[in-house]
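> Below is the file my_file24.cif, which contains mmCIF, C-alpha atoms.
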data_input
#
loop_
_atom_site.label_atom_id
_atom_site.label_comp_id
_atom_site.auth_asym_id
_atom_site.auth_seq_id
_atom_site.Cartn_x
_atom_site.Cartn_y
_atom_site.Cartn_z
CA MET O 8 240.44 4.94 105.19
CA ARG O 9 237.02 3.25 105.26
CA SER O 10 235.61 6.13 107.32
CA LEU O 11 236.94 8.59 104.76
CA ILE O 12 235.29 6.69 101.90
CA GLY O 13 232.01 6.61 103.87
CA SER O 14 232.20 10.34 104.41
CA VAL O 15 232.76 10.93 100.72
CA ARG O 16 229.80 8.75 99.85
CA ALA O 17 227.64 10.69 102.34
CA VAL O 18 228.72 13.96 100.81
CA ARG O 19 227.92 12.73 97.34
CA LYS O 20 224.40 11.72 98.52
CA ILE O 21 223.60 15.29 99.49
CA GLY O 22 224.62 16.59 96.07
CA VAL O 23 228.21 17.88 96.41
CA PRO O 24 229.98 17.71 92.97
CA SER O 25 232.90 15.28 92.59
CA ALA O 26 235.21 18.02 91.37
CA VAL O 27 234.71 19.88 94.59
CA ILE O 28 235.37 16.72 96.63
CA THR O 29 238.59 15.97 94.71
CA GLY O 30 240.02 19.43 95.40
CA LEU O 31 239.34 19.29 99.13
CA SER O 32 241.73 18.15 101.83
CA VAL O 33 240.81 15.41 104.28
CA PRO O 34 239.79 17.90 107.04
CA GLY O 35 237.56 19.66 104.53
CA LEU O 36 235.88 16.40 103.62
CA ARG O 37 235.33 15.64 107.28
CA PHE O 38 233.69 19.03 107.76
CA ILE O 39 231.31 18.47 104.87
CA ALA O 40 230.49 14.97 106.10
CA GLY O 41 229.66 16.34 109.56
CA LEU O 42 227.48 19.01 108.05
CA ALA O 43 225.61 16.38 106.05
CA SER O 44 224.98 14.37 109.21
CA ILE O 45 223.48 17.43 110.91
CA VAL O 46 221.16 17.99 107.94
CA VAL O 47 220.03 14.35 107.98
CA ILE O 48 219.30 14.49 111.75
CA ALA O 49 217.34 17.77 111.41
CA VAL O 50 215.20 16.34 108.60
CA ALA O 51 214.45 13.22 110.68
CA LEU O 52 213.40 15.31 113.68
CA ALA O 53 211.16 17.47 111.53
CA LEU O 54 209.45 14.42 110.07
CA SER O 55 208.86 12.82 113.47
CA THR O 56 207.45 16.07 114.83
CA GLN O 57 205.11 16.37 111.86
CA VAL O 58 203.77 12.86 112.41
CA ALA O 59 202.97 13.48 116.09
CA PHE O 60 201.31 16.82 115.36
CA SER O 61 199.23 15.38 112.52
CA ALA O 62 197.98 12.52 114.68
CA GLN O 63 196.33 14.92 117.12
CA THR O 64 194.23 16.44 114.32
CA ASN O 65 193.88 13.30 112.25
CA VAL O 66 190.10 13.02 112.68
CA THR O 67 187.53 15.83 112.51
CA ILE O 68 183.97 15.54 113.81
CA THR O 69 180.80 17.47 113.01
CA LYS O 70 177.25 17.12 114.27
CA SER O 71 173.91 18.50 113.08
CA ALA O 72 170.21 18.12 113.92
CA ASN O 73 167.47 17.63 111.35
CA ALA O 74 164.67 19.28 113.34
CA PRO O 75 162.28 22.22 112.92
CA ASN O 76 162.84 25.23 115.15
CA PRO O 77 161.06 24.84 117.49
CA ILE O 78 159.96 21.20 117.48
CA ALA O 79 156.68 20.08 119.02
CA PRO O 80 156.56 17.77 122.05
CA GLY O 81 156.10 14.15 120.97
CA ALA O 82 157.69 14.73 117.53
CA SER O 83 160.75 12.87 116.19
CA TYR O 84 163.97 14.10 114.57
CA THR O 85 167.53 12.91 113.82
CA TYR O 86 171.11 13.83 114.68
CA THR O 87 173.89 13.23 112.14
CA VAL O 88 177.49 12.79 113.31
CA ALA O 89 180.33 12.64 110.74
CA ALA O 90 183.89 11.58 111.66
CA VAL O 91 186.40 12.20 108.85
CA VAL O 92 189.92 10.67 108.82
CA THR O 93 192.13 13.27 107.15
CA GLN O 94 195.80 12.24 107.42
CA LEU O 95 196.68 8.81 108.83
CA ASN O 96 195.03 5.39 108.81
CA THR O 97 193.39 4.64 112.17
CA THR O 98 193.62 1.28 113.86
CA ALA O 99 190.45 1.91 115.89
CA LEU O 100 187.75 4.59 115.78
CA THR O 101 184.61 4.98 117.93
CA VAL O 102 181.86 7.60 117.84
CA VAL O 103 180.28 8.26 121.25
CA ASP O 104 177.23 10.42 122.06
CA ASN O 105 176.31 10.30 125.73
CA THR O 106 175.08 13.86 126.26
CA ILE O 107 171.50 13.48 124.97
CA ASP O 108 169.12 14.56 127.74
CA LEU O 109 167.20 11.50 128.91
CA GLY O 110 164.47 13.65 130.42
CA GLN O 111 163.47 15.68 127.37
CA VAL O 112 164.15 13.26 124.49
CA ALA O 113 164.63 9.50 124.08
CA VAL O 114 166.95 7.75 121.59
CA THR O 115 164.90 5.29 119.52
CA GLY O 116 167.62 4.09 117.13
CA ALA O 117 171.23 4.56 115.96
CA THR O 118 172.97 3.38 112.77
CA THR O 119 176.47 3.80 111.33
CA THR O 120 178.04 3.47 107.89
CA GLN O 121 180.81 1.31 109.40
CA GLY O 122 180.56 -0.98 112.42
CA SER O 123 177.51 -1.09 114.69
CA CYS O 124 175.78 1.01 117.40
CA THR O 125 174.20 0.48 120.79
CA PHE O 126 172.24 3.09 122.76
CA PRO O 127 171.30 1.91 126.29
CA GLY O 128 169.92 4.75 128.40
CA ASN O 129 170.45 7.29 125.57
CA ASN O 130 174.22 6.52 125.60
CA VAL O 131 175.09 6.00 121.93
CA ASN O 132 178.28 3.98 121.28
CA CYS O 133 179.37 3.15 117.72
CA PRO O 134 182.76 1.36 117.32
CA ALA O 135 183.85 1.40 113.67
CA GLY O 136 187.14 -0.52 113.93
CA PRO O 137 190.06 0.48 111.63
CA VAL O 138 189.26 3.37 109.28
CA ALA O 139 191.46 4.30 106.33
CA ASN O 140 192.77 7.77 105.60
CA GLY O 141 190.25 9.78 103.56
CA SER O 142 187.25 7.78 104.82
CA THR O 143 184.18 9.09 106.65
CA VAL O 144 182.12 7.32 109.31
CA THR O 145 178.58 8.70 109.54
CA VAL O 146 176.31 7.95 112.50
CA THR O 147 172.57 8.69 112.42
CA ILE O 148 170.73 8.97 115.74
CA ASN O 149 166.91 8.88 115.90
CA VAL O 150 165.25 10.61 118.86
CA THR O 151 161.70 11.39 119.99
CA VAL O 152 160.74 14.41 122.10
CA ALA O 153 158.99 13.62 125.37
CA PRO O 154 155.37 14.69 126.05
CA LEU O 155 154.74 18.34 126.91
CA ALA O 156 154.96 18.15 130.70
CA GLN O 157 158.23 16.21 130.59
CA ALA O 158 159.77 18.04 127.63
CA CYS O 159 159.14 21.50 129.11
CA PRO O 160 159.93 21.31 132.83
CA ASP O 161 160.10 24.26 135.19
CA ASN O 162 163.78 25.24 135.26
CA GLY O 163 163.55 26.50 138.83
CA ASN O 164 164.30 30.11 137.83
CA GLY O 165 160.84 31.32 136.97
CA GLY O 166 160.89 29.98 133.39
CA ILE O 167 160.54 26.91 131.17
CA ASP O 168 163.57 24.85 130.10
CA SER O 169 162.92 24.15 126.40
CA THR O 170 166.40 23.56 124.91
CA VAL O 171 168.11 20.19 124.35
CA LEU O 172 171.91 20.66 124.37
CA ASN O 173 173.96 17.93 122.70
CA ARG O 174 177.41 17.13 121.29
CA ALA O 175 179.32 14.02 120.18
CA THR O 176 182.85 12.65 120.72
CA VAL O 177 185.12 10.58 118.46
CA ASN O 178 187.94 8.47 119.94
CA TRP O 179 190.65 6.97 117.73
CA THR O 180 194.07 5.36 117.71
CA ASP O 181 196.68 5.77 114.97
CA SER O 182 200.45 5.63 114.63
CA GLY O 183 200.79 8.75 116.77
CA GLY O 184 198.83 7.43 119.79
CA SER O 185 195.27 7.65 121.13
CA PHE O 186 193.25 10.86 120.72
CA SER O 187 189.75 12.36 121.02
CA ALA O 188 187.81 15.20 119.40
CA ILE O 189 184.50 16.79 120.41
CA SER O 190 181.92 18.29 118.08
CA PRO O 191 180.41 21.77 118.62
CA THR O 192 177.24 21.82 120.75
CA VAL O 193 173.96 21.42 118.85
CA ASN O 194 170.83 23.11 120.28
CA VAL O 195 167.30 21.85 119.59
CA HIS O 196 164.48 24.10 120.83
CA ILE O 197 161.16 22.58 121.95
CA ASP O 198 157.85 24.41 121.52
CA CYS O 199 156.60 24.95 125.07
CA THR O 200 153.76 27.38 124.30
CA GLY O 201 151.21 24.95 125.72
CA ALA O 202 153.14 24.29 128.92
CA PRO O 203 151.60 25.36 132.23
CA PRO O 204 153.13 28.47 133.77
CA PRO O 205 156.10 27.77 136.02
CA THR O 206 155.12 27.03 139.57
CA SER O 207 156.11 29.40 142.31
CA THR O 208 155.87 29.14 146.05
CA PRO O 209 152.83 31.16 147.09
CA SER O 210 153.21 33.66 149.86
CA PRO O 211 151.38 32.60 153.01
CA THR O 212 148.02 34.28 153.42
CA PRO O 213 148.07 36.34 156.58
CA SER O 214 145.44 35.39 159.11
CA PRO O 215 142.81 38.10 159.47
CA THR O 216 142.88 40.02 162.69
CA PRO O 217 139.74 39.10 164.59
CA SER O 218 137.46 42.03 165.13
CA VAL O 219 136.76 42.95 168.70
CA THR O 220 133.10 42.86 169.65
CA PRO O 221 132.41 46.01 171.56
CA THR O 222 131.12 45.55 175.06
CA PRO O 223 127.65 47.05 175.29
CA SER O 224 127.59 50.02 177.53
CA ALA O 225 125.39 49.72 180.56
CA THR O 226 122.41 51.95 180.89
CA PRO O 227 123.62 54.80 183.07
CA THR O 228 122.04 55.10 186.44
CA PRO O 229 119.82 58.18 186.53
CA SER O 230 121.04 60.97 188.71
CA GLY O 231 117.67 61.57 190.38
CA ASN O 232 114.34 59.80 191.01
CA PRO O 233 111.39 62.12 191.69
CA PHE O 234 108.83 59.35 191.12
CA THR O 235 107.42 57.32 193.98
CA ASP O 236 105.47 54.82 191.87
CA ILE O 237 108.27 53.17 189.84
CA ASN O 238 110.41 51.57 192.53
CA THR O 239 108.96 48.10 191.84
CA SER O 240 108.87 48.44 188.03
CA ILE O 241 111.33 46.41 185.97
CA PHE O 242 111.71 49.48 183.74
CA LYS O 243 112.72 51.79 186.57
CA ASN O 244 116.20 52.57 185.20
CA ASP O 245 114.89 53.10 181.67
CA ILE O 246 112.20 55.46 182.91
CA LEU O 247 114.70 57.48 184.89
CA TYR O 248 117.14 57.52 181.91
CA ILE O 249 114.67 59.12 179.49
CA TYR O 250 113.35 61.40 182.27
CA ASN O 251 116.82 62.75 183.06
CA ALA O 252 117.54 63.07 179.32
CA GLY O 253 114.52 65.37 179.03
CA ILE O 254 112.61 62.99 176.77
CA THR O 255 109.58 62.47 179.00
CA ALA O 256 108.07 63.65 182.28
CA GLY O 257 105.75 62.05 184.80
CA CYS O 258 102.02 62.46 185.10
CA THR O 259 102.68 64.61 188.19
CA SER O 260 105.79 65.96 189.74
CA THR O 261 106.15 62.88 191.97
CA ARG O 262 104.34 60.18 190.02
CA TYR O 263 105.20 58.62 186.62
CA CYS O 264 102.01 56.60 186.33
CA PRO O 265 103.71 53.63 184.60
CA ASP O 266 100.46 51.69 184.20
CA SER O 267 98.38 54.56 182.78
CA ASN O 268 97.73 55.32 179.13
CA VAL O 269 99.56 58.30 177.63
CA LEU O 270 97.37 60.90 176.01
CA ARG O 271 98.47 62.52 172.75
CA ASP O 272 98.91 65.95 174.39
CA GLN O 273 101.02 64.31 177.12
CA MET O 274 103.15 62.62 174.48
CA ALA O 275 103.86 65.95 172.85
CA SER O 276 104.75 67.69 176.10
#
Show the structure stored in the file as structure tokens.

Amino acid sequence: MRSLIGSVRAVRKIGVPSAVITGLSVPGLRFIAGLASIVVIAVALALSTQVAFSAQTNVTITKSANAPNPIAPGASYTYTVAAVVTQLNTTALTVVDNTIDLGQVAVTGATTTQGSCTFPGNNVNCPAGPVANGSTVTVTINVTVAPLAQACPDNGNGGIDSTVLNRATVNWTDSGGSFSAISPTVNVHIDCTGAPPPTSTPSPTPSPTPSVTPTPSATPTPSGNPFTDINTSIFKNDILYIYNAGITAGCTSTRYCPDSNVLRDQMAS
């Protein structure tokens, strides 16, 4: 009997009119009570599913850079990271930014609207603690661009690497569990117009082929010697060479007269 009364009360809670209940038999009441239980279970499952799904998207994160495009080496600018709690209170929330290139820029400071920040080695870490639904935690990161040679290194592919790529992460815990979200990548371009051209490995200079010094040809030995007065002369071969070439003749047919003066008419003959 008590179970029947409980079933009737359950049916009344889901809005079934009393007149309808009165006119129903006991099996009919049991059917309606079972149907009501199914409805209650389905609603509970839907609510639990909604909570878990909402927790995964409970916090949104955005990031921006306040910098000219391009920015000069040695200049300073700021990043702004905003983490917004949209659905559930968080029990812990931390903004992390550990992707800032240590070679091209250096973090000089970091502040937050809730909690505190540290930034050893360009690794920014800002725990905010519990954050209520509807609240925003904003982190401001101050950076300075390195000098020209360091800010615009050779990228190894025949060009200059002049872009700083950066994004931030938010980690939080709420009633649905522990989750993370990552901001879109922010690009900051550095002015590298004054950078030296990228280095390239020079091709080895080929060694010049040494020129061959020609071997002087020996004075050919004359084919004939009609002169009897040049055998002891140091110029014997030269005399015979020009004689056989038809350049000169002797003073007689058998004498060259190497020690005599040459007359002008002899020189012309």
> Quote the spacing between atom CA of O:Thr97 and atom CA of O:Gly128 in Å to one decimal place.
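Between atom CA of O:Thr97 and atom CA of O:Gly128 the gap works out to 28.5 Å.
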> Enumerate, as a PDB file with C-alpha atoms, in the coordinates of the input, the protein, DNA and RNA residues whose atoms approach (180.6, 19.3, 114.6) to within 8 Å, taking into account only C-alpha atoms and the coordinate frame of the file.

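Output saved as selection-v2.pdb:
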ATOM      1  CA  ILE O  68     183.970  15.540 113.810  1.00  0.00           C
ATOM      2  CA  THR O  69     180.800  17.470 113.010  1.00  0.00           C
ATOM      3  CA  LYS O  70     177.250  17.120 114.270  1.00  0.00           C
ATOM      4  CA  SER O  71     173.910  18.500 113.080  1.00  0.00           C
ATOM      5  CA  VAL O  88     177.490  12.790 113.310  1.00  0.00           C
ATOM      6  CA  ALA O  89     180.330  12.640 110.740  1.00  0.00           C
ATOM      7  CA  ARG O 174     177.410  17.130 121.290  1.00  0.00           C
ATOM      8  CA  ALA O 175     179.320  14.020 120.180  1.00  0.00           C
ATOM      9  CA  ILE O 189     184.500  16.790 120.410  1.00  0.00           C
ATOM     10  CA  SER O 190     181.920  18.290 118.080  1.00  0.00           C
ATOM     11  CA  PRO O 191     180.410  21.770 118.620  1.00  0.00           C
ATOM     12  CA  THR O 192     177.240  21.820 120.750  1.00  0.00           C
TER      13      THR O 192
END
> Kindly resolve the PyMOL selection byres ((chain O and resi 84) around 7) on the present coordinates and return the residues as a ChimeraX atom specification.
/O:73-74,82-83,85,149-151
> What lies within 10 Å of O:Ala90 using all atoms listed in the file, ignoring chain neighbours under 3 positions off, as a PyMOL selection string?
chain O and resi 66-70+93+100-102+142-146+175-178+188+190
> Between O:Pro265, O:Asn132, O:Asn105, O:Thr118, which residue has the minimum interatomic distance to O:Ile241, considering all atoms listed in the file?
O:Pro265
> Run the PyMOL selection byres ((chain O and resi 180) around 9) against the file shown and list the residues it catches, as a VMD selection string.
chain O and resid 62 96 to 100 137 178 to 179 181 to 187
> In Å, how far is it from atom CA of O:Cys199 to atom CA of O:Ser169?
6.5 Å
> Please report the interatomic distance between atom CA of O:Val195 and atom CA of O:Tyr86 in Å with one decimal.
10.1 Å
> In the coordinates of the file, take the point (114.6, 63.2, 193.2) and a cut-off of 12 Å; then, counting all atoms listed in the file, name each qualifying protein, DNA or RNA residue as a ChimeraX atom specification.
/O:229-235,247,250-251,260-262
> What's around O:Ser123 at 9 Å? Count all atoms listed in the file, leave out sequence neighbours fewer than 4 positions away in its own chain, and write the answer as a PDB file with C-alpha atoms, in the frame of the given file.

ATOM      1  CA  ALA O 117     171.230   4.560 115.960  1.00  0.00           C
ATOM      2  CA  THR O 118     172.970   3.380 112.770  1.00  0.00           C
ATOM      3  CA  THR O 119     176.470   3.800 111.330  1.00  0.00           C
ATOM      4  CA  ASN O 132     178.280   3.980 121.280  1.00  0.00           C
ATOM      5  CA  CYS O 133     179.370   3.150 117.720  1.00  0.00           C
ATOM      6  CA  PRO O 134     182.760   1.360 117.320  1.00  0.00           C
ATOM      7  CA  ALA O 135     183.850   1.400 113.670  1.00  0.00           C
TER       8      ALA O 135
END
> O:Val138, O:Asn129, O:Gly81, O:Asp104: which is nearest O:Ala153, counting all atoms listed in the file?
O:Gly81
> Excluding O:Thr170 and its own-chain neighbours fewer than 5 positions away, which residues fall within 10 Å of it when counting only C-alpha atoms? Please give them as a list in words.
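Neighbouring residues, sequence-local ones excluded: Pro77, Asp108, Gln111, Ala158, Cys159, Val193, Asn194, Val195, His196, Ile197, Asp198 and Cys199 of chain O.
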